>>> print(open('coords-v3.tsv').read())   # TSV, C-alpha atoms and all ligand atoms
chain	number	residue	atom	x	y	z
G	30	MET	CA	23.71	25.43	-89.30
G	31	ARG	CA	21.61	25.61	-86.17
G	32	LEU	CA	21.45	23.47	-83.08
G	33	ALA	CA	18.14	21.90	-82.23
G	34	SER	CA	16.53	24.21	-79.71
G	35	PHE	CA	14.90	23.01	-76.54
G	36	GLY	CA	11.97	24.45	-74.69
G	37	PRO	CA	9.84	27.45	-75.52
G	38	LYS	CA	11.44	30.42	-77.20
G	39	PRO	CA	12.60	33.10	-74.77
G	40	GLU	CA	11.31	36.61	-75.37
G	41	ILE	CA	14.70	38.26	-74.85
G	42	SER	CA	18.20	36.96	-75.64
G	43	ALA	CA	21.44	38.47	-74.43
G	44	VAL	CA	24.46	37.61	-76.58
G	45	VAL	CA	27.83	37.87	-74.86
G	46	PRO	CA	31.08	37.26	-76.80
G	47	CYS	CA	33.89	36.05	-74.50
G	48	PHE	CA	37.56	35.70	-75.20
G	49	ASN	CA	39.63	34.83	-72.13
G	50	GLU	CA	37.18	36.45	-69.73
G	51	ASP	CA	37.32	34.08	-66.73
G	52	ALA	CA	38.05	36.95	-64.35
G	53	VAL	CA	34.81	38.77	-65.09
G	54	LEU	CA	32.30	36.06	-66.04
G	55	PRO	CA	30.75	35.32	-62.61
G	56	GLU	CA	30.17	39.01	-61.91
G	57	THR	CA	28.93	39.66	-65.45
G	58	THR	CA	26.45	36.79	-65.18
G	59	ARG	CA	25.22	38.00	-61.80
G	60	ARG	CA	24.57	41.56	-62.95
G	61	LEU	CA	23.18	40.52	-66.32
G	62	THR	CA	20.78	37.99	-64.81
G	63	ALA	CA	19.62	40.49	-62.17
G	64	SER	CA	18.96	43.11	-64.83
G	65	LEU	CA	17.09	40.71	-67.13
G	66	GLU	CA	15.02	39.32	-64.26
G	67	GLN	CA	13.94	42.83	-63.38
G	68	ILE	CA	12.27	43.14	-66.80
G	69	GLY	CA	9.93	40.27	-66.01
G	70	ARG	CA	10.13	38.56	-69.40
G	71	SER	CA	11.45	35.13	-70.28
G	72	PHE	CA	15.08	35.34	-71.34
G	73	GLU	CA	18.20	33.43	-72.26
G	74	ILE	CA	21.84	34.41	-72.09
G	75	VAL	CA	23.92	33.13	-75.01
G	76	PHE	CA	27.60	33.15	-74.21
G	77	VAL	CA	29.85	32.74	-77.22
G	78	ASP	CA	33.20	31.36	-76.20
G	79	ASP	CA	35.49	32.67	-78.91
G	80	GLY	CA	38.25	30.09	-78.51
G	81	SER	CA	39.31	31.14	-75.00
G	82	ARG	CA	42.51	29.64	-73.66
G	83	ASP	CA	41.93	30.40	-69.95
G	84	ASN	CA	39.26	29.03	-67.59
G	85	THR	CA	36.38	30.56	-69.54
G	86	PRO	CA	35.14	27.20	-70.97
G	87	ARG	CA	34.95	25.58	-67.53
G	88	ILE	CA	33.22	28.56	-65.93
G	89	LEU	CA	30.66	28.69	-68.74
G	90	THR	CA	29.91	25.00	-68.30
G	91	GLU	CA	29.32	25.56	-64.59
G	92	LEU	CA	27.13	28.58	-65.22
G	93	HIS	CA	25.01	26.58	-67.64
G	94	ALA	CA	24.67	23.74	-65.11
G	95	SER	CA	23.45	26.15	-62.44
G	96	ASP	CA	20.97	28.00	-64.68
G	97	PRO	CA	19.46	26.45	-67.83
G	98	ARG	CA	18.64	29.93	-69.15
G	99	ILE	CA	22.36	30.29	-69.72
G	100	ARG	CA	23.41	28.80	-73.05
G	101	VAL	CA	26.84	28.51	-74.51
G	102	VAL	CA	28.09	28.47	-78.08
G	103	ARG	CA	31.65	27.46	-78.29
G	104	LEU	CA	33.63	28.30	-81.39
G	105	SER	CA	36.37	26.02	-82.63
G	106	ARG	CA	39.01	28.74	-82.38
G	107	ASN	CA	39.37	32.46	-81.87
G	108	PHE	CA	37.51	34.03	-84.77
G	109	GLY	CA	37.41	37.56	-83.39
G	110	HIS	CA	34.82	39.72	-81.70
G	111	GLN	CA	32.67	40.49	-84.75
G	112	VAL	CA	32.38	36.88	-85.88
G	113	ALA	CA	31.63	35.77	-82.31
G	114	ILE	CA	28.73	38.23	-82.27
G	115	SER	CA	27.45	36.84	-85.58
G	116	ALA	CA	27.54	33.32	-84.18
G	117	GLY	CA	25.64	34.46	-81.10
G	118	LEU	CA	23.00	36.09	-83.28
G	119	GLU	CA	22.62	32.86	-85.21
G	120	TYR	CA	21.90	30.90	-82.07
G	121	ALA	CA	19.82	33.43	-80.15
G	122	ARG	CA	16.09	32.79	-80.37
G	123	GLY	CA	14.57	35.80	-78.64
G	124	ALA	CA	12.14	38.28	-80.19
G	125	ALA	CA	14.71	40.87	-79.15
G	126	VAL	CA	18.46	40.28	-78.90
G	127	VAL	CA	20.81	42.38	-76.79
G	128	LEU	CA	24.52	42.42	-77.69
G	129	ILE	CA	26.74	43.13	-74.72
G	130	ASP	CA	30.47	42.78	-73.99
G	131	ALA	CA	31.58	40.40	-71.25
G	132	ASP	CA	33.77	42.89	-69.40
G	133	LEU	CA	30.96	45.02	-67.86
G	134	GLN	CA	32.10	48.11	-69.76
G	135	ASP	CA	28.52	48.20	-71.02
G	136	PRO	CA	26.31	48.33	-67.91
G	137	PRO	CA	23.63	45.57	-68.00
G	138	GLU	CA	21.43	47.94	-65.96
G	139	VAL	CA	20.70	49.87	-69.19
G	140	ILE	CA	18.96	46.83	-70.75
G	141	PRO	CA	15.49	47.43	-69.20
G	142	GLU	CA	15.48	50.90	-70.76
G	143	MET	CA	16.45	49.39	-74.12
G	144	VAL	CA	13.65	46.84	-73.86
G	145	ALA	CA	11.18	49.61	-72.99
G	146	LEU	CA	12.17	51.53	-76.14
G	147	TRP	CA	11.89	48.36	-78.18
G	148	SER	CA	8.35	47.85	-76.84
G	149	GLN	CA	7.53	51.35	-78.02
G	150	GLY	CA	8.32	50.28	-81.56
G	151	HIS	CA	12.03	50.94	-82.11
G	152	ASP	CA	13.81	48.14	-83.96
G	153	VAL	CA	17.38	48.99	-82.97
G	154	VAL	CA	18.27	50.59	-79.65
G	155	TYR	CA	21.98	51.35	-79.55
G	156	GLY	CA	24.00	52.57	-76.63
G	157	THR	CA	26.00	55.75	-77.16
G	158	ARG	CA	29.03	56.11	-74.91
G	159	GLN	CA	28.98	59.36	-73.02
G	160	ASN	CA	32.37	59.05	-71.48
G	161	ARG	CA	34.95	56.32	-71.56
G	162	ASP	CA	36.32	55.93	-68.08
G	163	GLY	CA	39.41	53.85	-67.63
G	164	GLU	CA	40.43	53.70	-71.26
G	165	THR	CA	43.72	55.06	-72.47
G	166	ALA	CA	43.73	58.51	-74.04
G	167	PHE	CA	45.15	56.79	-77.12
G	168	LYS	CA	42.15	54.45	-77.46
G	169	THR	CA	39.60	57.21	-76.87
G	170	LEU	CA	41.27	59.49	-79.39
G	171	THR	CA	41.80	56.85	-82.09
G	172	ALA	CA	38.21	55.63	-81.66
G	173	LYS	CA	36.92	59.18	-81.99
G	174	TRP	CA	38.94	59.84	-85.14
G	175	PHE	CA	38.01	56.48	-86.58
G	176	TYR	CA	34.25	57.06	-86.33
G	177	ARG	CA	34.50	60.52	-87.82
G	178	PHE	CA	36.80	59.36	-90.61
G	179	ILE	CA	34.71	56.35	-91.57
G	180	ASN	CA	31.60	58.52	-91.63
G	181	ARG	CA	33.17	60.81	-94.21
G	182	LEU	CA	34.05	57.85	-96.43
G	183	SER	CA	31.09	55.59	-96.01
G	184	ASP	CA	27.75	55.84	-97.81
G	185	VAL	CA	25.73	54.85	-94.74
G	186	PRO	CA	26.07	57.03	-91.64
G	187	ILE	CA	27.42	55.04	-88.71
G	188	PRO	CA	26.34	56.51	-85.36
G	189	LEU	CA	29.26	58.23	-83.61
G	190	ASP	CA	30.61	56.79	-80.38
G	191	SER	CA	28.43	53.70	-80.38
G	192	GLY	CA	29.90	50.30	-79.75
G	193	ASP	CA	28.25	46.96	-80.20
G	194	PHE	CA	26.11	47.37	-77.08
G	195	ARG	CA	22.64	47.39	-78.57
G	196	LEU	CA	19.24	45.76	-78.70
G	197	LEU	CA	18.07	44.36	-82.03
G	198	ASP	CA	14.55	43.34	-82.92
G	199	ARG	CA	14.21	39.86	-84.39
G	200	LYS	CA	13.72	41.17	-87.91
G	201	VAL	CA	16.98	43.12	-87.70
G	202	VAL	CA	18.77	40.00	-86.44
G	203	ASP	CA	17.37	38.04	-89.38
G	204	ALA	CA	18.47	40.79	-91.75
G	205	LEU	CA	22.03	40.71	-90.37
G	206	LEU	CA	22.10	36.94	-90.65
G	207	ALA	CA	21.06	37.22	-94.29
G	208	MET	CA	24.19	39.27	-95.05
G	209	PRO	CA	26.77	36.70	-96.10
G	210	GLU	CA	29.87	38.90	-96.16
G	211	ARG	CA	32.98	37.63	-94.51
G	212	ASP	CA	34.34	40.95	-93.24
G	213	ARG	CA	31.79	41.53	-90.55
G	214	PHE	CA	31.84	45.10	-89.35
G	215	MET	CA	28.72	44.84	-87.21
G	216	ARG	CA	28.29	48.52	-86.44
G	217	GLY	CA	28.26	49.42	-90.12
G	218	MET	CA	26.03	46.49	-90.99
G	219	VAL	CA	23.44	47.44	-88.37
G	220	SER	CA	23.31	50.96	-89.82
G	221	TRP	CA	23.15	49.62	-93.35
G	222	VAL	CA	20.06	47.46	-92.81
G	223	GLY	CA	18.03	50.50	-91.77
G	224	PHE	CA	14.81	50.00	-89.79
G	225	GLN	CA	13.76	52.19	-86.89
G	226	GLN	CA	16.85	53.12	-84.84
G	227	VAL	CA	17.18	55.07	-81.60
G	228	SER	CA	20.04	55.67	-79.15
G	229	VAL	CA	20.35	55.52	-75.36
G	230	PRO	CA	23.28	57.40	-73.83
G	231	TYR	CA	25.27	55.59	-71.14
G	232	ASP	CA	28.59	55.95	-69.35
G	233	ARG	CA	31.16	53.43	-70.41
G	234	ALA	CA	32.69	51.97	-67.28
G	235	PRO	CA	36.26	50.77	-66.94
G	236	ARG	CA	36.81	47.10	-67.63
G	237	HIS	CA	35.75	45.08	-64.55
G	238	ALA	CA	38.81	42.80	-64.68
G	239	GLY	CA	41.30	41.43	-67.15
G	240	ASP	CA	42.89	43.26	-70.06
G	241	SER	CA	41.48	44.51	-73.33
G	242	LYS	CA	41.41	41.71	-75.88
G	243	TYR	CA	41.89	44.21	-78.66
G	244	THR	CA	45.57	44.43	-79.35
G	245	LEU	CA	46.84	47.29	-81.47
G	246	PHE	CA	47.00	44.87	-84.39
G	247	LYS	CA	43.39	43.74	-83.90
G	248	MET	CA	42.29	47.37	-83.68
G	249	ALA	CA	44.01	48.16	-86.96
G	250	ARG	CA	42.37	45.13	-88.60
G	251	PHE	CA	39.02	46.21	-87.24
G	252	ALA	CA	39.47	49.73	-88.62
G	253	THR	CA	40.55	48.38	-92.03
G	254	ASP	CA	37.53	46.08	-92.18
G	255	GLY	CA	35.28	48.98	-91.31
G	256	ILE	CA	36.71	51.23	-94.00
G	257	LEU	CA	37.11	48.64	-96.74
G	258	SER	CA	33.75	46.99	-96.33
G	259	PHE	CA	31.82	50.23	-96.34
G	260	SER	CA	33.64	52.28	-98.91
G	261	ILE	CA	35.67	51.95	-102.08
G	262	ALA	CA	37.22	55.39	-101.55
G	263	PRO	CA	40.75	53.95	-101.10
G	264	LEU	CA	40.53	52.56	-104.65
G	265	ARG	CA	39.98	56.05	-105.96
G	266	ILE	CA	43.29	57.33	-104.60
G	267	ALA	CA	45.13	56.00	-107.69
G	268	THR	CA	42.80	57.84	-110.05
G	269	LEU	CA	43.23	61.09	-108.17
G	270	LEU	CA	47.02	60.81	-108.09
G	271	GLY	CA	47.08	59.94	-111.79
G	272	VAL	CA	44.95	62.91	-112.78
G	273	ALA	CA	47.07	65.23	-110.62
G	274	ALA	CA	50.38	63.98	-112.09
G	275	SER	CA	49.18	64.16	-115.70
G	276	ALA	CA	47.72	67.61	-115.20
G	277	LEU	CA	51.01	68.81	-113.67
G	278	ALA	CA	53.00	67.39	-116.60
G	279	LEU	CA	50.74	68.98	-119.21
G	280	LEU	CA	50.79	72.31	-117.42
G	281	GLY	CA	54.61	72.23	-117.13
G	282	GLY	CA	55.01	71.25	-120.80
G	283	LEU	CA	52.68	73.98	-122.03
G	284	THR	CA	54.38	76.62	-119.89
G	285	ALA	CA	57.87	75.58	-121.04
G	286	ALA	CA	56.76	75.50	-124.68
G	287	GLY	CA	55.10	78.88	-124.31
G	288	ILE	CA	58.24	80.45	-122.86
G	289	GLY	CA	60.40	78.80	-125.56
G	290	LEU	CA	58.21	80.04	-128.39
G	291	ALA	CA	57.92	83.55	-126.96
G	292	ASN	CA	61.59	84.39	-126.33
G	293	GLY	CA	63.55	81.42	-127.72
G	294	ARG	CA	64.78	80.30	-124.28
G	295	TRP	CA	64.06	76.59	-124.36
G	296	MET	CA	64.01	74.38	-121.27
G	297	ALA	CA	67.00	72.05	-120.78
G	298	PRO	CA	66.48	68.55	-122.28
G	299	TRP	CA	66.33	66.84	-118.86
G	300	GLY	CA	63.39	69.07	-117.98
G	301	TRP	CA	61.44	67.58	-120.89
G	302	VAL	CA	62.42	64.09	-119.77
G	303	VAL	CA	61.05	64.79	-116.29
G	304	LEU	CA	57.79	66.03	-117.79
G	305	VAL	CA	57.40	62.97	-120.01
G	306	VAL	CA	58.07	60.63	-117.07
G	307	LEU	CA	55.49	62.53	-115.04
G	308	LEU	CA	52.97	62.28	-117.86
G	309	LEU	CA	53.52	58.54	-118.33
G	310	GLY	CA	53.41	57.88	-114.59
G	311	GLY	CA	50.18	59.82	-114.36
G	312	ALA	CA	48.66	57.87	-117.24
G	313	GLN	CA	49.63	54.61	-115.57
G	314	LEU	CA	48.07	55.63	-112.28
G	315	LEU	CA	44.95	56.71	-114.10
G	316	CYS	CA	44.67	53.28	-115.75
G	317	LEU	CA	45.20	51.63	-112.36
G	318	GLY	CA	42.42	53.77	-111.00
G	319	ILE	CA	40.08	52.67	-113.80
G	320	LEU	CA	40.95	49.05	-113.03
G	321	GLY	CA	40.25	49.87	-109.40
G	322	GLU	CA	36.78	51.14	-110.22
G	323	TYR	CA	35.94	47.88	-111.96
G	324	LEU	CA	37.46	45.93	-109.10
G	325	GLY	CA	35.40	48.01	-106.67
G	326	ARG	CA	32.24	47.11	-108.52
G	327	THR	CA	33.09	43.41	-108.57
G	328	TYR	CA	33.86	43.65	-104.89
G	329	GLY	CA	30.49	45.19	-104.21
G	330	GLU	CA	28.79	42.44	-106.20
G	331	ASN	CA	30.77	39.74	-104.49
G	332	LYS	CA	29.35	40.69	-101.14
G	333	ARG	CA	26.06	39.29	-102.38
G	334	ARG	CA	24.02	41.36	-100.06
G	335	PRO	CA	20.29	40.90	-100.42
G	336	LEU	CA	18.68	43.78	-102.24
G	337	TYR	CA	16.05	44.66	-99.66
G	338	PHE	CA	14.41	43.52	-96.43
G	339	VAL	CA	10.78	43.37	-95.46
G	340	ARG	CA	9.93	45.47	-92.46
G	341	GLU	CA	6.47	44.11	-91.99
G	342	THR	CA	3.84	42.13	-93.84
G	343	LEU	CA	0.08	42.15	-93.62
G	344	GLY	CA	-2.10	39.21	-94.44
G	345	PHE	CA	0.67	36.63	-94.17
G	346	ASP	CA	1.33	34.12	-91.43
G	347	GLU	CA	4.81	35.28	-90.49
G	348	PRO	CA	5.62	38.96	-89.98
G	349	PHE	CA	9.07	38.26	-91.44
G	350	SER	CA	10.96	35.05	-91.49
G	351	ARG	CA	14.24	33.53	-92.39
G	352	THR	CA	14.78	30.12	-90.92
G	353	ALA	CA	12.22	27.75	-89.48
G	354	GLU	CA	13.98	27.86	-86.13
G	355	SER	CA	13.69	31.56	-85.44
G	356	ARG	CA	10.36	32.08	-87.19
G	357	LEU	CA	7.84	33.94	-85.08
G	358	THR	CA	4.12	34.23	-85.62
G	359	HIS	CA	2.58	37.71	-85.69
G	360	GLU	CA	1.12	36.93	-82.28
G	361	GLU	CA	4.37	35.84	-80.65
G	362	HIS	CA	6.19	38.89	-81.99
G	363	ARG	CA	3.49	41.36	-81.04
G	364	SER	CA	2.83	40.01	-77.58
G	365	ALA	CA	6.52	39.84	-76.73
G	366	ARG	CA	6.94	43.39	-77.87
G	367	ALA	CA	3.86	45.00	-76.40
G	368	GLY	CA	2.78	45.24	-72.81
G	369	PHE	CA	6.11	46.00	-71.26
G	370	GLU	CA	5.85	48.80	-68.74
G	371	GLY	CA	9.48	49.97	-68.52
G	401	LIG	N1	36.24	39.39	-77.75
G	401	LIG	C1	36.02	38.21	-78.47
G	401	LIG	N2	36.99	37.77	-79.36
G	401	LIG	C2	38.14	38.47	-79.57
G	401	LIG	C3	38.34	39.69	-78.86
G	401	LIG	C4	37.36	40.12	-77.97
G	401	LIG	O1	34.98	37.56	-78.30
G	401	LIG	O2	38.95	38.01	-80.36
G	401	LIG	C5	35.20	39.84	-76.80
G	401	LIG	C6	35.72	40.16	-75.40
G	401	LIG	O3	35.70	39.01	-74.60
G	401	LIG	C7	34.74	41.22	-74.93
G	401	LIG	C8	34.37	41.93	-76.21
G	401	LIG	O4	34.70	41.06	-77.28
G	401	LIG	O5	33.56	40.64	-74.39
G	401	LIG	C9	35.11	43.26	-76.35
G	401	LIG	O6	36.51	43.05	-76.21
G	401	LIG	P1	37.41	44.01	-75.31
G	401	LIG	O7	36.68	44.41	-74.06
G	401	LIG	O8	38.70	43.34	-75.12
G	401	LIG	O9	37.56	45.25	-76.28
G	401	LIG	P2	37.60	46.81	-75.87
G	401	LIG	O10	36.44	47.06	-74.95
G	401	LIG	O11	38.91	47.00	-75.19
G	401	LIG	O12	37.48	47.52	-77.17
G	402	MG	MG	36.01	46.08	-73.32
>>> encode(input="coords-v3.tsv", output="structure tokens", more="lines below")
Ligand code: UDP
Ligand code: MG
Amino acid sequence: MRLASFGPKPEISAVVPCFNEDAVLPETTRRLTASLEQIGRSFEIVFVDDGSRDNTPRILTELHASDPRIRVVRLSRNFGHQVAISAGLEYARGAAVVLIDADLQDPPEVIPEMVALWSQGHDVVYGTRQNRDGETAFKTLTAKWFYRFINRLSDVPIPLDSGDFRLLDRKVVDALLAMPERDRFMRGMVSWVGFQQVSVPYDRAPRHAGDSKYTLFKMARFATDGILSFSIAPLRIATLLGVAASALALLGGLTAAGIGLANGRWMAPWGWVVLVVLLLGGAQLLCLGILGEYLGRTYGENKRRPLYFVRETLGFDEPFSRTAESRLTHEEHRSARAGFEG
């Protein structure tokens, strides 16, 4: 579902998810607008109001009234950061889309550099946090562990220490929009679609105002989504435990039988009972694990991800296209992308 769009398509869109961000919005808009203006391309700023309960809706309405390049998508309730980003991507119309948090932890001043790299032919330019000022040691440490852990489990490498601050070329945006899965772990999805990716290091600033909207519970949910939607490794735990238990039982039984046969000193009856219980438990876990494998496969299928994406076409009208609304001609895409002198 798309809103009718008015006016010519902007060349660059900034997508900003906001959840109770009234304290930072005016300053964010000022710095973001200044940075985008410096690039000298047409742009829009798409604010996604993720069901805020403070003054965010009113401030966004005022910002839109004062500058028509500022657009607002308001969600019906709080759907969470990742879904808010998806909604913003759906509404953004630029040839390049920059995702940026509302709290100025990602400096808007890095955007011109991202656009310059995009002009040079990179499809995804992601910010890599160099240091995380003003965040608790707990958050920094858990984030660090999380990215290393998920990289061991997952089939697609997810860049370490990168948040959602990134520039995406239109074809990458269309690819992400074509992925219908409900658990949206954007960082993993952006890695999964491929294309030409490059990183820009930046220093993550402390939050400009307000508190983190990620509660411990939301962080845990986020981590679970990340692990479960990019790996079925947890399903394999049952199989491993089952094999280990059965192997232990067999080994114990053989040893006890060997000793009994060799010198007639048989193990006490309860020992055999323990071994049989272990064997049966192991067999059960093994069967669970097999079920899990099938479930894992169904789960993979159920995501209904498209099988491939087109990076480029030659001899067709559109370089790549998804919906009529965001469709670019070769010319529009090329001229927006070329000719930017960073
Ligand atoms: N956010 C959102 N919906 C939520 C939680 C957060 O749109 O349910 C937005 C929030 O307004 C901010 C961004 O997502 O622009 C990142 O959130 P936050 O800064 O609280 O997370 P942190 O930087 O602490 O990880
Ligand atoms: Mg933040």
>>> closest_residue(input="coords-v3.tsv", among="G:Glu119, G:Cys47, G:Leu61, G:Ala94", to="G:Asp78", atoms="only C-alpha atoms")
G:Cys47
>>> closest_residue(input="coords-v3.tsv", among="G:Phe76, G:Phe224, G:Trp295, G:Phe48", to="G:Ala121", atoms="only C-alpha atoms")
G:Phe76
>>> closest_residue(input="coords-v3.tsv", among="G:Arg181, G:Arg82, G:Arg195, G:Lys242", to="ligand LIG 401 (chain G)", atoms="all atoms listed in the file")
G:Lys242
>>> axis_aligned_box(input="coords-v3.tsv", around="ligand LIG 401 (chain G)", padding_each_side="4 Å", output="AutoDock Vina command-line options")
--center_x 36.3 --center_y 42.5 --center_z -77.2 --size_x 13.4 --size_y 18.0 --size_z 14.3
>>> residues_near_ligand(input="coords-v3.tsv", ligand="ligand LIG 401 (chain G)", cutoff="6 Å", atoms="all atoms listed in the file", output="PyMOL selection string")
chain G and resi 46-48+50+79+107+109-110+113+130-132+241-243
>>> closest_residue(input="coords-v3.tsv", among="G:Asp51, G:Asp96, G:Asp83, G:Asp135", to="ligand MG 402 (chain G)", atoms="all atoms listed in the file")
G:Asp135
>>> closest_residue(input="coords-v3.tsv", among="G:Ala145, G:Val53, G:Ile68, G:Val219", to="ligand MG 402 (chain G)", atoms="all atoms listed in the file")
G:Val53
>>> closest_residue(input="coords-v3.tsv", among="G:Ile266, G:Ala234, G:Val127, G:Ala285", to="ligand MG 402 (chain G)", atoms="all atoms listed in the file")
G:Ala234
>>> residues_near_point(input="coords-v3.tsv", point="(16.4, 28.5, -69.7)", cutoff="12 Å", atoms="all atoms listed in the file", output="ChimeraX atom specification")
/G:34-42,62,70-75,92-101,122-123
>>> write_last_selection(input="coords-v3.tsv", atoms="C-alpha atoms", output="PDB file, keeping the file's coordinate frame")
ATOM      1  CA  SER G  34      16.530  24.210 -79.710  1.00  0.00           C
ATOM      2  CA  PHE G  35      14.900  23.010 -76.540  1.00  0.00           C
ATOM      3  CA  GLY G  36      11.970  24.450 -74.690  1.00  0.00           C
ATOM      4  CA  PRO G  37       9.840  27.450 -75.520  1.00  0.00           C
ATOM      5  CA  LYS G  38      11.440  30.420 -77.200  1.00  0.00           C
ATOM      6  CA  PRO G  39      12.600  33.100 -74.770  1.00  0.00           C
ATOM      7  CA  GLU G  40      11.310  36.610 -75.370  1.00  0.00           C
ATOM      8  CA  ILE G  41      14.700  38.260 -74.850  1.00  0.00           C
ATOM      9  CA  SER G  42      18.200  36.960 -75.640  1.00  0.00           C
ATOM     10  CA  THR G  62      20.780  37.990 -64.810  1.00  0.00           C
ATOM     11  CA  ARG G  70      10.130  38.560 -69.400  1.00  0.00           C
ATOM     12  CA  SER G  71      11.450  35.130 -70.280  1.00  0.00           C
ATOM     13  CA  PHE G  72      15.080  35.340 -71.340  1.00  0.00           C
ATOM     14  CA  GLU G  73      18.200  33.430 -72.260  1.00  0.00           C
ATOM     15  CA  ILE G  74      21.840  34.410 -72.090  1.00  0.00           C
ATOM     16  CA  VAL G  75      23.920  33.130 -75.010  1.00  0.00           C
ATOM     17  CA  LEU G  92      27.130  28.580 -65.220  1.00  0.00           C
ATOM     18  CA  HIS G  93      25.010  26.580 -67.640  1.00  0.00           C
ATOM     19  CA  ALA G  94      24.670  23.740 -65.110  1.00  0.00           C
ATOM     20  CA  SER G  95      23.450  26.150 -62.440  1.00  0.00           C
ATOM     21  CA  ASP G  96      20.970  28.000 -64.680  1.00  0.00           C
ATOM     22  CA  PRO G  97      19.460  26.450 -67.830  1.00  0.00           C
ATOM     23  CA  ARG G  98      18.640  29.930 -69.150  1.00  0.00           C
ATOM     24  CA  ILE G  99      22.360  30.290 -69.720  1.00  0.00           C
ATOM     25  CA  ARG G 100      23.410  28.800 -73.050  1.00  0.00           C
ATOM     26  CA  VAL G 101      26.840  28.510 -74.510  1.00  0.00           C
ATOM     27  CA  ARG G 122      16.090  32.790 -80.370  1.00  0.00           C
ATOM     28  CA  GLY G 123      14.570  35.800 -78.640  1.00  0.00           C
TER      29      GLY G 123
END
>>> atom_distance(input="coords-v3.tsv", atom1="atom CA of G:Lys200", atom2="atom CA of G:Pro141")
19.8 Å
>>> residues_around(input="coords-v3.tsv", residues="G:Leu309", least_positions_apart="6", cutoff="12 Å", atoms="all atoms listed in the file", output="PyMOL selection string")
chain G and resi 271-272+274-279+302-303+315-316
>>> residues_around(input="coords-v3.tsv", residues="G:Val154", least_positions_apart="2", cutoff="10 Å", atoms="only C-alpha atoms", output="list in words")
Val127, Ile140, Glu142, Met143, Val144, Ala145, Leu146, Trp147, His151, Asp152, Gly156, Thr157, Phe194, Arg195, Leu196, Leu197, Asp198, Gln225, Gln226, Val227, Ser228 and Val229 of chain G
>>> atom_distance(input="coords-v3.tsv", atom1="atom CA of G:Thr253", atom2="atom CA of G:Leu118")
23.1 Å
>>> decode(input="coords-v3.tsv", residues="stretch 221-241 of chain G", atoms="C-alpha atoms", output="short mmCIF file (atom, residue, chain, number, x, y, z; two decimals), in the first residue's frame")
data_model
loop_
_atom_site.label_atom_id
_atom_site.label_comp_id
_atom_site.auth_asym_id
_atom_site.auth_seq_id
_atom_site.Cartn_x
_atom_site.Cartn_y
_atom_site.Cartn_z
CA TRP G 221 21.70 -11.11 2.82
CA VAL G 222 20.62 -9.26 -0.33
CA GLY G 223 24.25 -8.78 -1.37
CA PHE G 224 25.12 -6.09 -3.92
CA GLN G 225 28.16 -3.85 -3.66
CA GLN G 226 28.73 -2.93 0.01
CA VAL G 227 31.27 -0.61 1.61
CA SER G 228 31.69 0.84 5.11
CA VAL G 229 32.42 4.32 6.47
CA PRO G 230 33.78 4.51 10.01
CA TYR G 231 32.25 7.11 12.32
CA ASP G 232 32.16 7.92 16.01
CA ARG G 233 28.87 7.15 17.65
CA ALA G 234 27.89 10.16 19.72
CA PRO G 235 25.92 10.05 22.95
CA ARG G 236 22.18 10.42 22.57
CA HIS G 237 21.34 14.13 22.09
CA ALA G 238 18.39 14.04 24.50
CA GLY G 239 15.84 11.63 25.88
CA ASP G 240 16.41 8.02 26.88
CA SER G 241 17.12 4.92 24.84
#
